[in-house]
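Visitor: I have a structure I would like to understand better, so I am pasting it below and will then ask my questions one at a time.
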Amino acid sequence: MVTFDIFAQAVVSGLANGAIYALVAVGLTLVFGVMRIINFAHGEFLMIAMYAGYFAWALAGIDPVLAIFIVTPLLMLIGVLLYDGIIRRALAAPEINQMAVTLGLSLLLQNLALMTFKGDNLLIPLARATESIAIGPALLQLPQAIAALASLLLIAALWLVLRLTDFGIMMRAVAQSRDGAVLCGIGLGAVYRWALCIGIGTLGITGPLLASTLYVNPHVGALFTLKAFVIVIAGGLGNFGGALLGALLVGLAESIAGAWFSASIAAAVPFALLIVAMLWRPEGLIARRVAR
Amino acid sequence: MIRFPLIPVLLVVAGFAAATQDRYLMDVFVLTCLYGTMAVAWNLAAGFTGLLSLGHSLFIGIGAYTVAYGVTAHGLSPWVMLPLAVLIAVVCALAIGVLCFRYGLKGYYFGIATLAFSEIAFFLVSAAVWLGRSDGMMLPAGGDPWISLQFRAKWPYGLMILVVLLATLIAGWALLRAKTGYYWRSIRDNEEAAEALGVPIFGFKLFSFALSAGIVAVCGAFYACYVAFVDPRSVLGVELSIQLLVFSIIGGMGLLWGPLLGAAILIPASELLRIWIGASFYGVNIVLYASLLIGLALFLPQGLGALRWRRRVS
Amino acid sequence: MTALLDVDGIGKSFGGLTALRDVAFQVPQGAIMGIIGPNGAGKTTLFNCISGLMKPDAGRVRFGGREIQGLRPHRICRLGLARTFQIVRPFRGMSVLENVKVAAFARHDRGPAAEAHARAVLADLGMAHMAATDAGILGVAELRRLEIARALATDPQVLLLDEMLAGLTATEAAALCDQIRALRDRGLTILLVEHSVPVVSALCDRAVVLNFGEVLTEGPTAAVLADGRVQDAYLGSAAPCPT
């Protein structure tokens with residue numbers, strides 16, 4: 001029997017989870033929107049960021065909120081290296097090869113992590129992890145609240161960057177028409193490099209915050225990659241608002257289905273949502289009308 | 001031009017003959033042929049028709065679970081369940097195909113949509129009590145081995161999968177050199193041009209996807225008999241679908257037998273690695289084959305099978 | 001002469017933008033007919049509506065007396081109406097012969113027959129020497145000829161050519177013009193979209209002028225081009241004659 005209290009709790013945790021999903025998905029949607037490459041290894045970079053956050057705490061006692069300022073530059077650097085080392089070469093290849101490259105990268109990173117860190121579950125046990133905020137009859141854990149807040153701030157910041165800066169305008173131009181942007185004298189290489197730098201860099205914020213609410217292990221990223229796909233495609237490519245909406249929907253649906261059915265069925269819900277979204281609105285939930 | 005894959009066929013037959021000498025060798029042979037067949041079938045849709053499915057584990061799982069369910073719950077012979085398994089897989093493929101093609105899902109989108117369908121199946125089966133949930137189902141031994149398909153020896157399995165593989169290669173060759181193959185490849189290269197030249201793209205895409213699904217369902221049914229155990233992770237997981245892509249990329253997607261070559265390199269190689277390095281260093285063999293995959297996808301997009309072929313052309 | 005292709009009141013709009021309004025004209029059997037008009041006049045959209053790539057919102061297209069609007073492109077092709085694309089769309093993973101063979105399968109179910117037919121078409125167009133070449137490495141002029149070869153291999157009665165000459169050198173364009181005339185002399189009816197007025201005046205018996213999605217005028221080429229309104233629509237956009 002699902003009481004109102006349980007339902008309210010499901011809504012609150014669903015929205016909080018959704019905000020965290022959005023935090024993972026914005027980077028993916030940025031990269032996909034600009035470069036038209038699906039990065040199957042996105043979740044593995046999240047996994048790296050979570051390990052980085054964990055070790056910053058375990059070895060140097062740095063609070064996850066502060067670790068963001070160390071881990072984010074690190075992840076941005078990884079993004080640049082990823083572009084120059086691998087993705088740049090893959091751009092000219094057919095879609096299937098691009099898929100193979102990022103899938104291979106995902107397998108590679110997961111198993112390198114497995115060799116280095118073993119399969120153990122690690123967690124940053126913070127004192128504040130047990131504290132909660134009461135929202136009506138429902139409770140929200142403090143670390144989750146912090147992550148959700150960070151997610152909203154990050155999305156707002158990215159949106160402003162894309163709207164207001166020259167760099168943002170260039171990026172949107174490339175996302176809309178690669179050829180048109182080139183004709184206007186925009187260097188694709190630089191835009192792509194920055195897109196990956198920022199897209200992967202956002203995970204530097206997510207990782208440390210998540211490491212205090214979720215166990216870190218080599219396979220933690222794969223879980224998020226699939227959900228982030230669902231969100232990015234449902235929300236529309238490169239559409240931040242759509243990603244946020246999609247993420248909240250996925251989080252809510254999962255959490256409410258979890259209250260009614262088993263966890264396993266709840267896990268299937270995002271994928272069912274994806275199929276509905278793709279068939280119903282292939283261009284994304286809140287896509288603008290495009291005249292041809 | 002599509003030549004008859006004579007050398008691969010001879011090598012596979014020779015491989016079977018050699019493997020009859022040793023139980024362990026036969027195991028490697030069976031796995032190679034099993035994954036080779038599935039990858040060849042996947043590549044008929046992905047490599048030759050441009051339908052990059054990331055959800056083929058759904059059809060493998062349907063094959064495996066249909067047989068496992070029939071055997072454990074009703075004591076039916078796998079021979080009875082096999083046609084049913086293929087039928088269910090083909091119907092599912094047609095339904096998914098009609099949905100995706102009608103809405104014009106292509107490339108990545110088709111891949112992700114198929115992935116979503118297989119993930120739904122994965123989670124639903126993991127929750128279904130009558131299918132053993134995530135614990136899976138064990139197939140009981142006993143009865144006439146040629147009816148229950150539970151052999152003590154390994155060679156009957158080798159023989160069976162050999163037949164399936166050869167049938168797949170011969171059927172694939174016959175289709176690819178005929179109108180069907182030309183239509184598939186034209187759809188892969190440019191759908192609109194193909195349609196303007198009289199190719200009924202909807203029907204030929206459905207045919208390709210359903211055929212591919214039917215073949216991997218046979219393989220899934222075989223898997224259930226061979227391993228005598230099915231669970232969602234081993235027959236419905238994303239990893240399985242991705243493996244088919246990996247074999248195909250490494251062996252070469254432009255060749256009918258390219259995916260078989262990929263399987264014939266990677267499966268024995270990872271067995272060898274496991275023996276040399278030992279199970280303690282878990283993950284090493286995946287690290288190696290992931291590196292190989294990235295390197296090949298970047299620097300030899302046609303796959304290993306194209307090495308010889310390219311030299312002959314130039 | 002009877003009308004083989006009858007375009008009757010075709011309309012098409014995208015969102016709020018009207019691309020075609022009440023477009024009507026007839027293509028007589030055995031004619032070379034040109035559709036001309038400034039950029040954005042709706043020429044390619046019209047082609048797409050005739051060949052089935054797009055479904056017109058209004059109107060009828062009759063081919064040999066049969067209504068074909070709204071049919072799928074492959075059905076229209078099999079009825080005997082083939083088209084080429086302005087932006088060439090070769091099957092890049094196949095050889096030139098294989099490209100043409102795909103089209104030949106529209107008339108021949110068996111491989112050897114289709115291949116013989118494809119080879120005959122290539123020989124006819126003087127392309128036999130490139131049969132084994134990869135379509136992915138051809139230049140623009142050769143890709144245009146491949147487009148024509150593929151369309152011809154479907155044994156059409158009507159050939160729709162979309163801006164075949166754009167981007168070609170004067171010599172290449174002249175050779176292609178000769179080839180188009182030769183096709184007509186063999187009984188094909190040809191409808192072509194062309195941006196350049198001189199090409200149309202050199203090649204076409206009749207012409208339709210589209211402007212902002214509507215038919216401005218239609219008739220024998222010389223009369224159409226002498227029309228003052230046509231000159232206005234085209235002011236400043238004349239290109240040098242390639243023939």
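Residues in the structure tokens are named by chain (A, B, ... in the order shown) and by number from 1 within that chain; ligands are numbered from 1 in the order shown.
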Do me a favour and pick out the residues of chain C within 10 Å of chain A, using only C-alpha atoms, as a list in words.

Guide: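 Per the criterion, chain C yields Ser13, Phe14, Gly15, Gly16 and Leu17 of chain C.
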
Visitor: Give one line per residue of chain A that approaches chain B to at most 7 Å, naming the two atoms of the closest pair and their distance in Å to one decimal, counting only C-alpha atoms; sort by chain then ascending residue number and deliver it as JSON lines.

Guide:
{"residue": "A:Arg89", "atom": "CA", "partner": "B:Leu298", "partner_atom": "CA", "distance": 6.6}
{"residue": "A:Ala90", "atom": "CA", "partner": "B:Leu298", "partner_atom": "CA", "distance": 5.9}
{"residue": "A:Asn97", "atom": "CA", "partner": "B:Ala297", "partner_atom": "CA", "distance": 5.1}
{"residue": "A:Ala100", "atom": "CA", "partner": "B:Ala297", "partner_atom": "CA", "distance": 6.4}
{"residue": "A:Val101", "atom": "CA", "partner": "B:Ile294", "partner_atom": "CA", "distance": 4.8}
{"residue": "A:Gly104", "atom": "CA", "partner": "B:Ala290", "partner_atom": "CA", "distance": 4.7}
{"residue": "A:Leu105", "atom": "CA", "partner": "B:Ala290", "partner_atom": "CA", "distance": 6.8}
{"residue": "A:Leu107", "atom": "CA", "partner": "B:Ala290", "partner_atom": "CA", "distance": 6.0}
{"residue": "A:Leu108", "atom": "CA", "partner": "B:Val287", "partner_atom": "CA", "distance": 5.0}
{"residue": "A:Asn111", "atom": "CA", "partner": "B:Gly283", "partner_atom": "CA", "distance": 5.0}
{"residue": "A:Leu112", "atom": "CA", "partner": "B:Val287", "partner_atom": "CA", "distance": 6.6}
{"residue": "A:Leu114", "atom": "CA", "partner": "B:Gly283", "partner_atom": "CA", "distance": 6.5}
{"residue": "A:Met115", "atom": "CA", "partner": "B:Gly283", "partner_atom": "CA", "distance": 6.3}
{"residue": "A:Ser264", "atom": "CA", "partner": "B:Phe123", "partner_atom": "CA", "distance": 5.3}
{"residue": "A:Ile265", "atom": "CA", "partner": "B:Leu124", "partner_atom": "CA", "distance": 5.9}
{"residue": "A:Ala267", "atom": "CA", "partner": "B:Phe123", "partner_atom": "CA", "distance": 6.5}
{"residue": "A:Ala268", "atom": "CA", "partner": "B:Ile120", "partner_atom": "CA", "distance": 4.7}
{"residue": "A:Phe271", "atom": "CA", "partner": "B:Ala116", "partner_atom": "CA", "distance": 5.0}
{"residue": "A:Ala272", "atom": "CA", "partner": "B:Ile120", "partner_atom": "CA", "distance": 6.9}
{"residue": "A:Ile275", "atom": "CA", "partner": "B:Ala113", "partner_atom": "CA", "distance": 6.2}
{"residue": "A:Leu279", "atom": "CA", "partner": "B:Tyr103", "partner_atom": "CA", "distance": 6.2}

Visitor: Any chance you could list, as an MDAnalysis selection string, the residues in stretch 52-170 of chain C that come up alpha helix (DSSP H) when DSSP is run on the backbone?

Guide: chainID C and resid 73:79 96:104 111:124 140:153 170

Visitor: Which residue is closest to chain C? Choose from B:Ser234, B:Thr180, B:Ser270, B:Gln243 and count only C-alpha atoms.

Guide: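 That would be B:Thr180, the residue with the smallest distance to chain C.
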
Visitor: Nearest to chain B: which of C:Gly9, C:Pro112, C:Gly139, C:Gly187 is it, counting only C-alpha atoms?

Guide: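 Ranking C:Gly9, C:Pro112, C:Gly139, C:Gly187 by distance to chain B, first place goes to C:Pro112.
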
Visitor: Taking 4 positions as the minimum chain separation for residues in the same chain, which residues sit within 12 Å of C:Ile76 when counting only C-alpha atoms? Answer as number ranges by chain.

Guide: B: 195-200; C: 48-53, 61-64, 66-72, 80-83, 106, 154, 156-160

Visitor: Find the residues of chain C that sit at most 6 Å from chain B; for each, write down the nearest two atoms and how far apart they are in Å, to one decimal. Count only C-alpha atoms. Sort by chain, then by number going up, and give it as a tab-separated table.

Guide:
residue	atom	partner	partner_atom	distance
C:Pro73	CA	B:Ala196	CA	5.2
C:His74	CA	B:Gly198	CA	3.8
C:Cys77	CA	B:Gly198	CA	5.2
C:Arg78	CA	B:Gly198	CA	5.7
C:Phe91	CA	B:Asp189	CA	4.9
C:Val102	CA	B:Tyr182	CA	5.7
C:Ala103	CA	B:Leu197	CA	5.3
C:Ala106	CA	B:Gly198	CA	5.6
C:Gly111	CA	B:Ala178	CA	5.5

Visitor: Take the residues that were just selected and, keeping all heavy atoms, output them as an mmCIF file, in the first residue's frame.

Guide:
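Ended up saving to result_7.cif:
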data_model
loop_
_atom_site.group_PDB
_atom_site.id
_atom_site.type_symbol
_atom_site.label_atom_id
_atom_site.label_comp_id
_atom_site.auth_asym_id
_atom_site.auth_seq_id
_atom_site.Cartn_x
_atom_site.Cartn_y
_atom_site.Cartn_z
ATOM 1 N N PRO C 73 8.529 6.649 -53.122
ATOM 2 C CA PRO C 73 9.445 6.849 -54.256
ATOM 3 C C PRO C 73 9.753 5.561 -55.022
ATOM 4 O O PRO C 73 9.864 5.587 -56.240
ATOM 5 C CB PRO C 73 10.710 7.389 -53.587
ATOM 6 C CG PRO C 73 10.247 8.008 -52.324
ATOM 7 C CD PRO C 73 9.048 7.235 -51.882
ATOM 8 N N HIS C 74 9.885 4.433 -54.311
ATOM 9 C CA HIS C 74 10.274 3.224 -55.035
ATOM 10 C C HIS C 74 9.165 2.734 -55.952
ATOM 11 O O HIS C 74 9.413 2.173 -57.013
ATOM 12 C CB HIS C 74 10.721 2.125 -54.069
ATOM 13 C CG HIS C 74 9.647 1.588 -53.176
ATOM 14 N ND1 HIS C 74 8.891 0.493 -53.494
ATOM 15 C CD2 HIS C 74 9.204 2.009 -51.978
ATOM 16 C CE1 HIS C 74 8.029 0.266 -52.529
ATOM 17 N NE2 HIS C 74 8.194 1.171 -51.587
ATOM 18 N N CYS C 77 9.284 5.012 -59.001
ATOM 19 C CA CYS C 77 10.410 4.613 -59.841
ATOM 20 C C CYS C 77 10.052 3.398 -60.674
ATOM 21 O O CYS C 77 10.328 3.337 -61.870
ATOM 22 C CB CYS C 77 11.620 4.327 -58.955
ATOM 23 S SG CYS C 77 12.973 3.558 -59.827
ATOM 24 N N ARG C 78 9.413 2.418 -60.058
ATOM 25 C CA ARG C 78 9.081 1.200 -60.785
ATOM 26 C C ARG C 78 8.008 1.437 -61.849
ATOM 27 O O ARG C 78 7.891 0.671 -62.804
ATOM 28 C CB ARG C 78 8.640 0.104 -59.814
ATOM 29 C CG ARG C 78 9.849 -0.610 -59.211
ATOM 30 C CD ARG C 78 9.544 -1.299 -57.921
ATOM 31 N NE ARG C 78 10.798 -1.708 -57.280
ATOM 32 C CZ ARG C 78 11.293 -2.932 -57.363
ATOM 33 N NH1 ARG C 78 10.670 -3.852 -58.028
ATOM 34 N NH2 ARG C 78 12.427 -3.215 -56.765
ATOM 35 N N PHE C 91 26.260 5.483 -53.765
ATOM 36 C CA PHE C 91 26.484 4.484 -52.717
ATOM 37 C C PHE C 91 27.990 4.353 -52.576
ATOM 38 O O PHE C 91 28.645 3.678 -53.367
ATOM 39 C CB PHE C 91 25.830 3.159 -53.098
ATOM 40 C CG PHE C 91 24.369 3.290 -53.410
ATOM 41 C CD1 PHE C 91 23.838 2.783 -54.583
ATOM 42 C CD2 PHE C 91 23.514 3.934 -52.528
ATOM 43 C CE1 PHE C 91 22.485 2.915 -54.872
ATOM 44 C CE2 PHE C 91 22.160 4.073 -52.807
ATOM 45 C CZ PHE C 91 21.649 3.565 -53.979
ATOM 46 N N VAL C 102 22.288 -1.886 -58.573
ATOM 47 C CA VAL C 102 21.183 -1.696 -57.621
ATOM 48 C C VAL C 102 19.951 -1.202 -58.375
ATOM 49 O O VAL C 102 18.846 -1.710 -58.203
ATOM 50 C CB VAL C 102 21.574 -0.678 -56.524
ATOM 51 C CG1 VAL C 102 20.345 -0.252 -55.744
ATOM 52 C CG2 VAL C 102 22.614 -1.270 -55.597
ATOM 53 N N ALA C 103 20.180 -0.221 -59.256
ATOM 54 C CA ALA C 103 19.057 0.335 -60.015
ATOM 55 C C ALA C 103 18.495 -0.695 -60.989
ATOM 56 O O ALA C 103 17.278 -0.789 -61.173
ATOM 57 C CB ALA C 103 19.515 1.587 -60.756
ATOM 58 N N ALA C 106 15.659 -3.096 -60.284
ATOM 59 C CA ALA C 106 14.259 -2.677 -60.345
ATOM 60 C C ALA C 106 13.540 -3.371 -61.496
ATOM 61 O O ALA C 106 12.316 -3.501 -61.485
ATOM 62 C CB ALA C 106 14.166 -1.154 -60.500
ATOM 63 N N GLY C 111 20.524 -11.741 -60.429
ATOM 64 C CA GLY C 111 21.795 -11.029 -60.444
ATOM 65 C C GLY C 111 22.443 -10.913 -61.815
ATOM 66 O O GLY C 111 22.786 -9.805 -62.245
#

Visitor: Which neighbours of A:Ala211 fall inside 12 Å, counting only C-alpha atoms, when residues of the same chain fewer than 6 positions from it are skipped, and could you give them as a VMD selection string?

Guide: chain A and resid 20 46 to 58 63 to 65 67 to 68 121 to 126 129 143 to 144 147 203 to 205 217 220 to 221
